file upload_30.pdb (PDB, C-alpha atoms)
ATOM      1  CA  MET A   1     102.732 113.231 168.189
ATOM      2  CA  ILE A   2      99.347 113.650 169.861
ATOM      3  CA  ASN A   3      96.404 114.353 167.603
ATOM      4  CA  TRP A   4      94.653 116.863 169.872
ATOM      5  CA  LYS A   5      91.618 117.165 167.604
ATOM      6  CA  ALA A   6      91.105 113.412 167.763
ATOM      7  CA  VAL A   7      91.534 113.482 171.543
ATOM      8  CA  ALA A   8      88.949 116.252 171.871
ATOM      9  CA  VAL A   9      86.451 114.321 169.763
ATOM     10  CA  PHE A  10      87.097 111.203 171.829
ATOM     11  CA  VAL A  11      86.629 113.079 175.109
ATOM     12  CA  LEU A  12      83.306 114.403 173.839
ATOM     13  CA  ALA A  13      82.358 110.851 172.954
ATOM     14  CA  VAL A  14      83.283 109.743 176.456
ATOM     15  CA  GLY A  15      81.081 112.486 177.889
ATOM     16  CA  PHE A  16      78.192 111.196 175.764
ATOM     17  CA  GLN A  17      78.783 107.671 177.063
ATOM     18  CA  VAL A  18      78.852 108.918 180.654
ATOM     19  CA  ALA A  19      75.587 110.789 180.243
ATOM     20  CA  PHE A  20      73.779 107.929 178.548
ATOM     21  CA  ALA A  21      75.403 104.900 180.153
ATOM     22  CA  GLN A  22      73.100 101.938 180.651
ATOM     23  CA  GLU A  23      71.706 101.804 184.177
ATOM     24  CA  LEU A  24      73.211  98.888 186.088
ATOM     25  CA  PRO A  25      71.502  97.312 189.121
ATOM     26  CA  ARG A  26      72.712  97.902 192.663
ATOM     27  CA  SER A  27      75.323  95.491 193.964
ATOM     28  CA  SER A  28      74.057  92.734 196.234
ATOM     29  CA  GLU A  29      74.941  92.594 199.928
ATOM     30  CA  SER A  30      76.587  89.246 199.269
ATOM     31  CA  ALA A  31      78.901  90.679 196.585
ATOM     32  CA  LEU A  32      79.823  93.683 198.747
ATOM     33  CA  GLY A  33      80.422  91.266 201.628
ATOM     34  CA  TRP A  34      83.094  89.489 199.600
ATOM     35  CA  LEU A  35      84.684  92.848 198.837
ATOM     36  CA  LYS A  36      84.720  93.736 202.535
ATOM     37  CA  LYS A  37      86.265  90.360 203.396
ATOM     38  CA  MET A  38      88.980  90.960 200.784
ATOM     39  CA  THR A  39      89.703  94.464 202.106
ATOM     40  CA  ASN A  40      90.059  93.266 205.717
ATOM     41  CA  ALA A  41      92.076  90.120 204.973
ATOM     42  CA  PRO A  42      95.646  91.579 204.890
ATOM     43  CA  SER A  43      95.224  92.956 208.431
ATOM     44  CA  LEU A  44      94.136  89.545 209.733
ATOM     45  CA  HIS A  45      96.499  86.968 208.222
ATOM     46  CA  ASN A  46     100.160  86.086 207.945
ATOM     47  CA  TYR A  47     101.215  84.938 204.491
ATOM     48  CA  VAL A  48     104.211  84.281 202.276
ATOM     49  CA  GLY A  49     103.891  84.038 198.526
ATOM     50  CA  THR A  50     105.203  84.714 195.045
ATOM     51  CA  PHE A  51     103.153  86.757 192.607
ATOM     52  CA  VAL A  52     103.511  87.806 188.977
ATOM     53  CA  TYR A  53     102.659  91.153 187.407
ATOM     54  CA  TYR A  54     101.861  91.229 183.691
ATOM     55  CA  ALA A  55     101.222  94.225 181.411
ATOM     56  CA  ASP A  56     102.226  95.266 177.886
ATOM     57  CA  ASN A  57     104.175  92.026 177.338
ATOM     58  CA  HIS A  58     106.201  92.761 180.478
ATOM     59  CA  VAL A  59     106.367  90.163 183.245
ATOM     60  CA  GLU A  60     107.746  90.833 186.726
ATOM     61  CA  THR A  61     107.934  88.398 189.638
ATOM     62  CA  SER A  62     107.951  89.406 193.315
ATOM     63  CA  ARG A  63     108.083  87.627 196.646
ATOM     64  CA  ILE A  64     106.018  88.926 199.566
ATOM     65  CA  THR A  65     106.278  88.150 203.286
ATOM     66  CA  HIS A  66     103.470  89.599 205.418
ATOM     67  CA  ARG A  67     103.133  89.395 209.204
ATOM     68  CA  VAL A  68     100.453  90.698 211.568
ATOM     69  CA  ASP A  69     100.933  91.257 215.301
ATOM     70  CA  GLN A  70      99.694  93.593 218.040
ATOM     71  CA  ALA A  71     101.735  96.443 216.555
ATOM     72  CA  GLY A  72     100.036  96.124 213.176
ATOM     73  CA  GLU A  73     101.185  94.947 209.740
ATOM     74  CA  HIS A  74     104.774  94.278 208.668
ATOM     75  CA  GLU A  75     105.752  93.416 205.132
ATOM     76  CA  LYS A  76     108.693  92.706 202.861
ATOM     77  CA  ILE A  77     108.379  92.752 199.074
ATOM     78  CA  GLU A  78     111.319  91.634 196.930
ATOM     79  CA  VAL A  79     111.309  92.169 193.173
ATOM     80  CA  LEU A  80     112.971  89.074 191.727
ATOM     81  CA  ASP A  81     113.476  90.258 188.136
ATOM     82  CA  GLY A  82     115.771  92.962 186.798
ATOM     83  CA  VAL A  83     117.281  95.545 189.136
ATOM     84  CA  GLN A  84     116.995  94.374 192.739
ATOM     85  CA  ARG A  85     114.422  96.287 194.812
ATOM     86  CA  ILE A  86     113.281  95.478 198.328
ATOM     87  CA  VAL A  87     110.496  97.298 200.169
ATOM     88  CA  PHE A  88     110.038  96.978 203.929
ATOM     89  CA  ARG A  89     106.798  98.238 205.438
ATOM     90  CA  ASP A  90     105.772  98.738 209.059
ATOM     91  CA  ASN A  91     102.158  99.869 208.892
ATOM     92  CA  ASP A  92     102.388 103.117 206.884
ATOM     93  CA  GLU A  93     106.158 103.586 207.191
ATOM     94  CA  MET A  94     108.102 102.316 204.199
ATOM     95  CA  LYS A  95     111.750 101.867 203.289
ATOM     96  CA  CYS A  96     112.818 100.991 199.755
ATOM     97  CA  TYR A  97     116.307  99.469 199.379
ATOM     98  CA  LEU A  98     118.151  99.613 196.044
ATOM     99  CA  PRO A  99     121.219  97.403 196.606
ATOM    100  CA  GLU A 100     122.802  98.114 193.202
ATOM    101  CA  SER A 101     123.126 101.844 193.914
ATOM    102  CA  LYS A 102     123.194 101.456 197.713
ATOM    103  CA  ARG A 103     120.336 103.896 198.166
ATOM    104  CA  ILE A 104     117.482 103.835 200.659
ATOM    105  CA  TYR A 105     114.289 105.858 200.277
ATOM    106  CA  THR A 106     111.958 106.271 203.245
ATOM    107  CA  GLU A 107     108.428 107.642 203.132
ATOM    108  CA  LYS A 108     105.011 107.374 204.675
ATOM    109  CA  ARG A 109     102.423 105.408 202.723
ATOM    110  CA  TRP A 110      99.397 107.637 202.343
ATOM    111  CA  PHE A 111      97.499 105.636 199.736
ATOM    112  CA  ARG A 112     100.020 103.650 197.726
ATOM    113  CA  LYS A 113      98.642 100.206 197.015
ATOM    114  CA  PHE A 114     100.542  96.944 196.881
ATOM    115  CA  PHE A 115      99.113  93.626 195.742
ATOM    116  CA  PRO A 116      97.183  91.953 197.319
ATOM    117  CA  ASN A 117      96.081  95.000 199.384
ATOM    118  CA  LEU A 118      94.432  97.043 196.623
ATOM    119  CA  ILE A 119      91.584  98.768 198.486
ATOM    120  CA  PRO A 120      93.249 100.426 201.488
ATOM    121  CA  HIS A 121      90.486 103.012 201.882
ATOM    122  CA  SER A 122      86.868 102.829 202.874
ATOM    123  CA  PHE A 123      84.818 101.467 199.996
ATOM    124  CA  GLU A 124      81.311 102.383 201.143
ATOM    125  CA  SER A 125      80.782 104.434 197.964
ATOM    126  CA  ILE A 126      82.167 101.826 195.585
ATOM    127  CA  ASP A 127      78.662 100.745 194.551
ATOM    128  CA  GLU A 128      78.076 104.272 193.240
ATOM    129  CA  ASN A 129      80.810 103.786 190.636
ATOM    130  CA  TYR A 130      80.898 100.014 190.064
ATOM    131  CA  TYR A 131      78.370  97.219 189.867
ATOM    132  CA  VAL A 132      79.926  94.408 191.899
ATOM    133  CA  GLN A 133      78.790  91.084 190.479
ATOM    134  CA  GLU A 134      79.384  87.596 191.867
ATOM    135  CA  LEU A 135      80.492  85.119 189.225
ATOM    136  CA  LYS A 136      81.514  81.491 189.575
ATOM    137  CA  GLN A 137      84.131  80.000 191.889
ATOM    138  CA  GLU A 138      87.504  78.980 190.424
ATOM    139  CA  ARG A 139      90.803  77.566 191.658
ATOM    140  CA  VAL A 140      93.869  79.828 191.723
ATOM    141  CA  THR A 141      97.252  78.556 192.926
ATOM    142  CA  ASP A 142      95.444  75.438 194.237
ATOM    143  CA  ARG A 143      93.050  77.508 196.376
ATOM    144  CA  LEU A 144      89.312  77.928 195.846
ATOM    145  CA  SER A 145      88.361  81.494 195.006
ATOM    146  CA  GLN A 146      85.180  83.497 194.552
ATOM    147  CA  VAL A 147      85.276  85.570 191.361
ATOM    148  CA  LEU A 148      83.905  89.124 191.465
ATOM    149  CA  LEU A 149      83.436  91.381 188.447
ATOM    150  CA  LEU A 150      83.400  95.128 189.055
ATOM    151  CA  ASN A 151      81.596  96.692 186.107
ATOM    152  CA  PRO A 152      82.172 100.468 185.820
ATOM    153  CA  ARG A 153      78.935 102.435 185.724
ATOM    154  CA  ASP A 154      80.368 104.848 183.137
ATOM    155  CA  ALA A 155      83.289 105.219 180.727
ATOM    156  CA  LEU A 156      85.446 107.135 183.217
ATOM    157  CA  ARG A 157      87.053 104.118 184.868
ATOM    158  CA  TYR A 158      88.368 100.617 184.227
ATOM    159  CA  GLY A 159      86.608  97.413 185.148
ATOM    160  CA  HIS A 160      88.199  94.904 187.532
ATOM    161  CA  GLN A 161      87.937  91.192 188.106
ATOM    162  CA  PHE A 162      88.923  89.814 191.510
ATOM    163  CA  TRP A 163      89.632  86.215 192.519
ATOM    164  CA  ILE A 164      89.164  86.085 196.329
ATOM    165  CA  ASP A 165      90.319  83.167 198.483
ATOM    166  CA  THR A 166      87.156  81.679 200.012
ATOM    167  CA  ASP A 167      89.068  80.667 203.145
ATOM    168  CA  THR A 168      91.107  83.746 204.115
ATOM    169  CA  GLY A 169      89.576  86.451 201.908
ATOM    170  CA  LEU A 170      93.010  87.277 200.459
ATOM    171  CA  LEU A 171      93.065  88.526 196.895
ATOM    172  CA  LEU A 172      94.662  85.784 194.802
ATOM    173  CA  LYS A 173      94.415  87.403 191.391
ATOM    174  CA  VAL A 174      93.197  90.640 189.819
ATOM    175  CA  ALA A 175      92.728  91.756 186.230
ATOM    176  CA  VAL A 176      92.184  95.395 185.251
ATOM    177  CA  LEU A 177      89.859  95.541 182.253
ATOM    178  CA  ASN A 178      89.196  98.032 179.477
ATOM    179  CA  GLY A 179      86.061  96.449 178.078
ATOM    180  CA  LYS A 180      87.129  92.858 177.463
ATOM    181  CA  GLU A 181      90.806  93.734 177.106
ATOM    182  CA  ILE A 182      93.106  92.924 180.057
ATOM    183  CA  VAL A 183      95.148  96.060 180.765
ATOM    184  CA  GLU A 184      97.240  94.561 183.552
ATOM    185  CA  GLN A 185      97.150  91.590 185.894
ATOM    186  CA  PHE A 186      98.544  90.455 189.250
ATOM    187  CA  ALA A 187      98.349  86.808 190.320
ATOM    188  CA  PHE A 188      99.814  84.625 193.039
ATOM    189  CA  VAL A 189     101.625  81.592 191.664
ATOM    190  CA  GLN A 190     102.405  80.305 195.159
ATOM    191  CA  LEU A 191     100.876  81.225 198.523
ATOM    192  CA  ASN A 192     101.094  79.964 202.105
ATOM    193  CA  ALA A 193      98.631  81.674 204.453
ATOM    194  CA  GLY A 194      97.893  81.374 208.154
ATOM    195  CA  ILE A 195     101.471  80.421 209.022
ATOM    196  CA  SER A 196     103.908  81.535 211.710
ATOM    197  CA  ILE A 197     106.505  84.042 210.452
ATOM    198  CA  ASP A 198     109.755  84.883 212.241
ATOM    199  CA  PRO A 199     109.946  88.700 212.742
ATOM    200  CA  ASP A 200     113.617  88.609 211.687
ATOM    201  CA  LEU A 201     112.524  87.739 208.147
ATOM    202  CA  LEU A 202     111.065  91.240 207.889
ATOM    203  CA  LYS A 203     114.279  93.070 208.764
ATOM    204  CA  PRO A 204     117.020  94.256 206.362
ATOM    205  CA  GLU A 205     120.037  92.014 205.965
ATOM    206  CA  ARG A 206     123.012  92.851 208.154
ATOM    207  CA  THR A 207     125.098  93.755 205.090
ATOM    208  CA  PHE A 208     122.549  96.471 204.307
ATOM    209  CA  ILE A 209     123.066  97.981 207.753
ATOM    210  CA  ALA A 210     126.863  97.586 207.855
ATOM    211  CA  ASP A 211     127.603  99.130 204.442
ATOM    212  CA  GLU A 212     127.560 102.811 203.563
ATOM    213  CA  TRP A 213     124.176 103.594 202.040
ATOM    214  CA  LYS A 214     122.782 106.951 200.997
ATOM    215  CA  VAL A 215     119.446 107.547 202.742
ATOM    216  CA  THR A 216     116.825 109.921 201.311
ATOM    217  CA  HIS A 217     113.850 110.767 203.497
ATOM    218  CA  LEU A 218     110.839 111.664 201.347
ATOM    219  CA  VAL A 219     109.114 114.000 203.785
ATOM    220  CA  THR A 220     105.482 115.035 203.516
ATOM    221  CA  SER A 221     103.786 118.002 205.132
ATOM    222  CA  ILE A 222     100.056 118.688 205.280
ATOM    223  CA  PRO A 223      99.333 122.352 204.478
ATOM    224  CA  LYS A 224      96.444 124.358 205.842
ATOM    225  CA  GLN A 225      93.247 124.514 203.805
ATOM    226  CA  GLY A 226      93.874 126.535 200.633
ATOM    227  CA  GLU A 227      97.594 126.966 201.301
ATOM    228  CA  LEU A 228      98.532 125.114 198.111
ATOM    229  CA  ARG A 229      96.653 127.778 196.100
ATOM    230  CA  TRP A 230      95.423 125.107 193.675
ATOM    231  CA  LYS A 231      91.951 123.653 193.265
ATOM    232  CA  ILE A 232      90.269 121.021 191.125
ATOM    233  CA  ALA A 233      86.932 122.246 189.811
ATOM    234  CA  ASN A 234      84.300 120.082 188.128
ATOM    235  CA  LEU A 235      85.701 116.717 189.169
ATOM    236  CA  PRO A 236      84.434 113.795 187.078
ATOM    237  CA  PRO A 237      81.489 112.038 188.766
ATOM    238  CA  GLY A 238      82.443 109.616 191.538
ATOM    239  CA  PHE A 239      85.875 111.076 192.349
ATOM    240  CA  LYS A 240      86.687 112.847 195.600
ATOM    241  CA  LYS A 241      89.799 114.324 197.152
ATOM    242  CA  ILE A 242      91.625 112.109 199.654
ATOM    243  CA  THR A 243      94.260 114.607 200.728
ATOM    244  CA  GLU A 244      96.553 117.377 199.605
ATOM    245  CA  MET A 245     100.173 117.674 200.695
ATOM    246  CA  ARG A 246     103.573 119.124 199.927
ATOM    247  CA  ARG A 247     106.372 116.637 199.283
ATOM    248  CA  ASN A 248     110.047 116.378 198.450
ATOM    249  CA  LEU A 249     110.159 113.722 195.746
ATOM    250  CA  ALA A 250     113.246 111.823 194.626
ATOM    251  CA  GLU A 251     115.357 113.676 192.055
ATOM    252  CA  LYS A 252     113.353 116.907 192.534
ATOM    253  CA  SER A 253     115.182 120.050 193.701
ATOM    254  CA  THR A 254     112.031 121.845 194.871
ATOM    255  CA  LEU A 255     108.990 120.828 196.887
ATOM    256  CA  VAL A 256     106.083 119.439 194.886
ATOM    257  CA  ASP A 257     102.406 120.030 195.648
ATOM    258  CA  HIS A 258     100.433 116.784 195.565
ATOM    259  CA  ILE A 259      96.662 116.337 195.441
ATOM    260  CA  ALA A 260      95.234 112.806 195.571
ATOM    261  CA  LEU A 261      91.793 111.636 194.436
ATOM    262  CA  THR A 262      89.933 108.331 194.521
ATOM    263  CA  ASP A 263      86.668 106.772 193.426
ATOM    264  CA  SER A 264      87.022 104.163 196.241
ATOM    265  CA  LEU A 265      89.065 101.870 193.977
ATOM    266  CA  ALA A 266      91.164 103.778 191.434
ATOM    267  CA  THR A 267      93.489 106.577 192.558
ATOM    268  CA  VAL A 268      94.628 109.685 190.686
ATOM    269  CA  SER A 269      97.521 111.933 191.756
ATOM    270  CA  ILE A 270      98.159 115.493 190.619
ATOM    271  CA  PHE A 271     101.708 116.809 191.057
ATOM    272  CA  ILE A 272     102.261 120.562 190.712
ATOM    273  CA  GLU A 273     105.765 122.010 190.563
ATOM    274  CA  PRO A 274     107.253 125.343 189.458
ATOM    275  CA  ILE A 275     108.978 125.275 186.088
ATOM    276  CA  GLY A 276     111.749 127.539 187.398
ATOM    277  CA  ASN A 277     114.898 127.982 185.346
ATOM    278  CA  GLU A 278     115.153 124.599 183.686
ATOM    279  CA  LYS A 279     117.362 124.418 180.631
ATOM    280  CA  SER A 280     114.425 123.212 178.566
ATOM    281  CA  THR A 281     110.695 123.831 178.945
ATOM    282  CA  PRO A 282     108.715 120.707 179.934
ATOM    283  CA  THR A 283     106.738 119.144 177.103
ATOM    284  CA  PRO A 284     102.965 119.026 177.631
ATOM    285  CA  GLY A 285     100.816 116.148 176.400
ATOM    286  CA  PHE A 286     100.327 112.460 177.094
ATOM    287  CA  PHE A 287     103.060 110.108 178.209
ATOM    288  CA  SER A 288     102.887 106.359 178.197
ATOM    289  CA  SER A 289     103.334 104.212 181.247
ATOM    290  CA  ARG A 290     102.903 100.526 181.887
ATOM    291  CA  GLY A 291      99.576  98.851 182.447
ATOM    292  CA  ALA A 292      96.655 100.842 183.844
ATOM    293  CA  ILE A 293      98.629 104.025 184.597
ATOM    294  CA  ASN A 294      98.141 107.024 182.299
ATOM    295  CA  ILE A 295     100.065 110.306 182.521
ATOM    296  CA  TYR A 296      99.022 113.759 181.302
ATOM    297  CA  VAL A 297     101.148 116.937 181.535
ATOM    298  CA  ARG A 298     100.031 120.537 181.046
ATOM    299  CA  LEU A 299     101.650 123.915 181.747
ATOM    300  CA  ILE A 300      99.849 126.766 183.506
ATOM    301  CA  ASP A 301     101.089 129.951 185.206
ATOM    302  CA  ASN A 302     104.723 128.878 184.981
ATOM    303  CA  SER A 303     103.878 125.574 186.673
ATOM    304  CA  LYS A 304     104.013 122.006 185.449
ATOM    305  CA  ILE A 305     100.933 119.932 186.297
ATOM    306  CA  THR A 306     101.392 116.172 186.012
ATOM    307  CA  THR A 307      98.322 113.968 186.416
ATOM    308  CA  VAL A 308      98.978 110.264 187.027
ATOM    309  CA  GLY A 309      95.936 108.023 187.176
ATOM    310  CA  GLU A 310      94.820 104.394 187.351
ATOM    311  CA  VAL A 311      92.068 105.430 184.953
ATOM    312  CA  PRO A 312      91.601 105.691 181.173
ATOM    313  CA  LEU A 313      93.615 108.362 179.398
ATOM    314  CA  GLU A 314      90.554 110.519 178.772
ATOM    315  CA  THR A 315      89.686 110.606 182.495
ATOM    316  CA  THR A 316      93.285 111.532 183.328
ATOM    317  CA  LYS A 317      92.994 114.486 180.937
ATOM    318  CA  LEU A 318      89.623 115.590 182.333
ATOM    319  CA  ILE A 319      91.077 115.727 185.838
ATOM    320  CA  GLY A 320      94.318 117.408 184.742
ATOM    321  CA  ASP A 321      92.425 120.087 182.842
ATOM    322  CA  ALA A 322      90.256 120.803 185.907
ATOM    323  CA  VAL A 323      93.261 122.035 187.929
ATOM    324  CA  SER A 324      93.453 125.793 188.383
ATOM    325  CA  LYS A 325      94.607 128.405 190.896
ATOM    326  CA  TYR A 326      92.352 129.822 193.595
TER     327      TYR A 326
END
call {"tool": "encode", "arguments": {"input": "upload_30.pdb", "output": "structure tokens"}}
result
Amino acid sequence: MINWKAVAVFVLAVGFQVAFAQELPRSSESALGWLKKMTNAPSLHNYVGTFVYYADNHVETSRITHRVDQAGEHEKIEVLDGVQRIVFRDNDEMKCYLPESKRIYTEKRWFRKFFPNLIPHSFESIDENYYVQELKQERVTDRLSQVLLLNPRDALRYGHQFWIDTDTGLLLKVAVLNGKEIVEQFAFVQLNAGISIDPDLLKPERTFIADEWKVTHLVTSIPKQGELRWKIANLPPGFKKITEMRRNLAEKSTLVDHIALTDSLATVSIFIEPIGNEKSTPTPGFFSSRGAINIYVRLIDNSKITTVGEVPLETTKLIGDAVSKY
């Protein structure tokens, strides 16, 4: 059970830290240059590799095949542990195959991030929220990397440490930090870059096409300004709205309003759906997820507001509580 009084006290403490955070210097052009090289790298290089995700004593291994041509970026990500999942991506169009249940989900990638492409948006304002610091060079998966530390300028966001391949600029490893604690980590354990890749390797197997699969198209529509009838007032410093949309999400019987925010690195999504005539009323409060993701649910005007953020729990609550109707 959530101790709301303790949470309130902690949020006030966070506000105090934000107001009186120690002033950090501006990031150097050299450090920001490495960040730019890392951001551009996936659109410039072919690569095949195996990476590991670690958080909360959970380890998951995936294989990635990434090809670039005149038409853009094409990618295949296979989860090698547990239930089989395969994601195919052509630029922003994605298809997720679940062979065990013979289901396919298609959707457009608006801002979803996949390792090693973790900063898909413009990062010109990243220095406003993080002090990007060059550290030493280290070897990762037998490749020389430049280590960057992104120190948050306040208590509203996590820190990050990047290991960037000095040759290609590809992100080889990343750790999300809460102080000195590692919240989650991605790391290549094997990587071949700058190689030729057969386009057929990025297509579904013939058995996937021949068998009867249930296809669900997760469609998104962009409403006119103010059509959603929801607003987010008093956003925490450094966060801005990327987009707002209306979506049909998997396992949802009604359309869901979706507002997305970013601070140029972390993303936060707010999902708003009518409560309707459910058999049981949704439970408000905090819900645990794996790694850096925190979830906060509140009820307002017969609607359920779910805030999902790559930010500390207190920041997730601040954003969720700022949602109101026009």
call {"tool": "residues_around", "arguments": {"input": "upload_30.pdb", "residues": "Ala175 of chain A", "least_positions_apart": "2", "cutoff": "6 Å", "atoms": "all atoms listed in the file", "output": "MDAnalysis selection string"}}
result
chainID A and resid 160:161 184:185
call {"tool": "write_last_selection", "arguments": {"input": "upload_30.pdb", "atoms": "C-alpha atoms", "output": "PDB file, in the frame of the given file"}}
result
ATOM      1  CA  HIS A 160      88.199  94.904 187.532  1.00  0.00           C
ATOM      2  CA  GLN A 161      87.937  91.192 188.106  1.00  0.00           C
ATOM      3  CA  GLU A 184      97.240  94.561 183.552  1.00  0.00           C
ATOM      4  CA  GLN A 185      97.150  91.590 185.894  1.00  0.00           C
TER       5      GLN A 185
END
call {"tool": "residues_around", "arguments": {"input": "upload_30.pdb", "residues": "segment 285-288 of chain A", "least_positions_apart": "2", "cutoff": "6 Å", "atoms": "all atoms listed in the file", "output": "list in words"}}
result
Ile295, Tyr296 and Val297 of chain A
call {"tool": "resolve_selection", "arguments": {"input": "upload_30.pdb", "expression": "the PyMOL selection byres ((chain A and resi 216) around 6)", "output": "tab-separated table (two decimals) with C-alpha atoms, in the coordinates of the input"}}
result
chain	number	residue	atom	x	y	z
A	105	TYR	CA	114.29	105.86	200.28
A	215	VAL	CA	119.45	107.55	202.74
A	217	HIS	CA	113.85	110.77	203.50
call {"tool": "closest_residue", "arguments": {"input": "upload_30.pdb", "among": "A:Glu93, A:Asp81, A:Glu23, A:Asp56", "to": "Asn151 of chain A", "atoms": "only C-alpha atoms"}}
result
A:Glu23
call {"tool": "atom_distance", "arguments": {"input": "upload_30.pdb", "atom1": "atom CA of Glu107 of chain A", "atom2": "atom CA of Ile242 of chain A"}}
result
17.7 Å
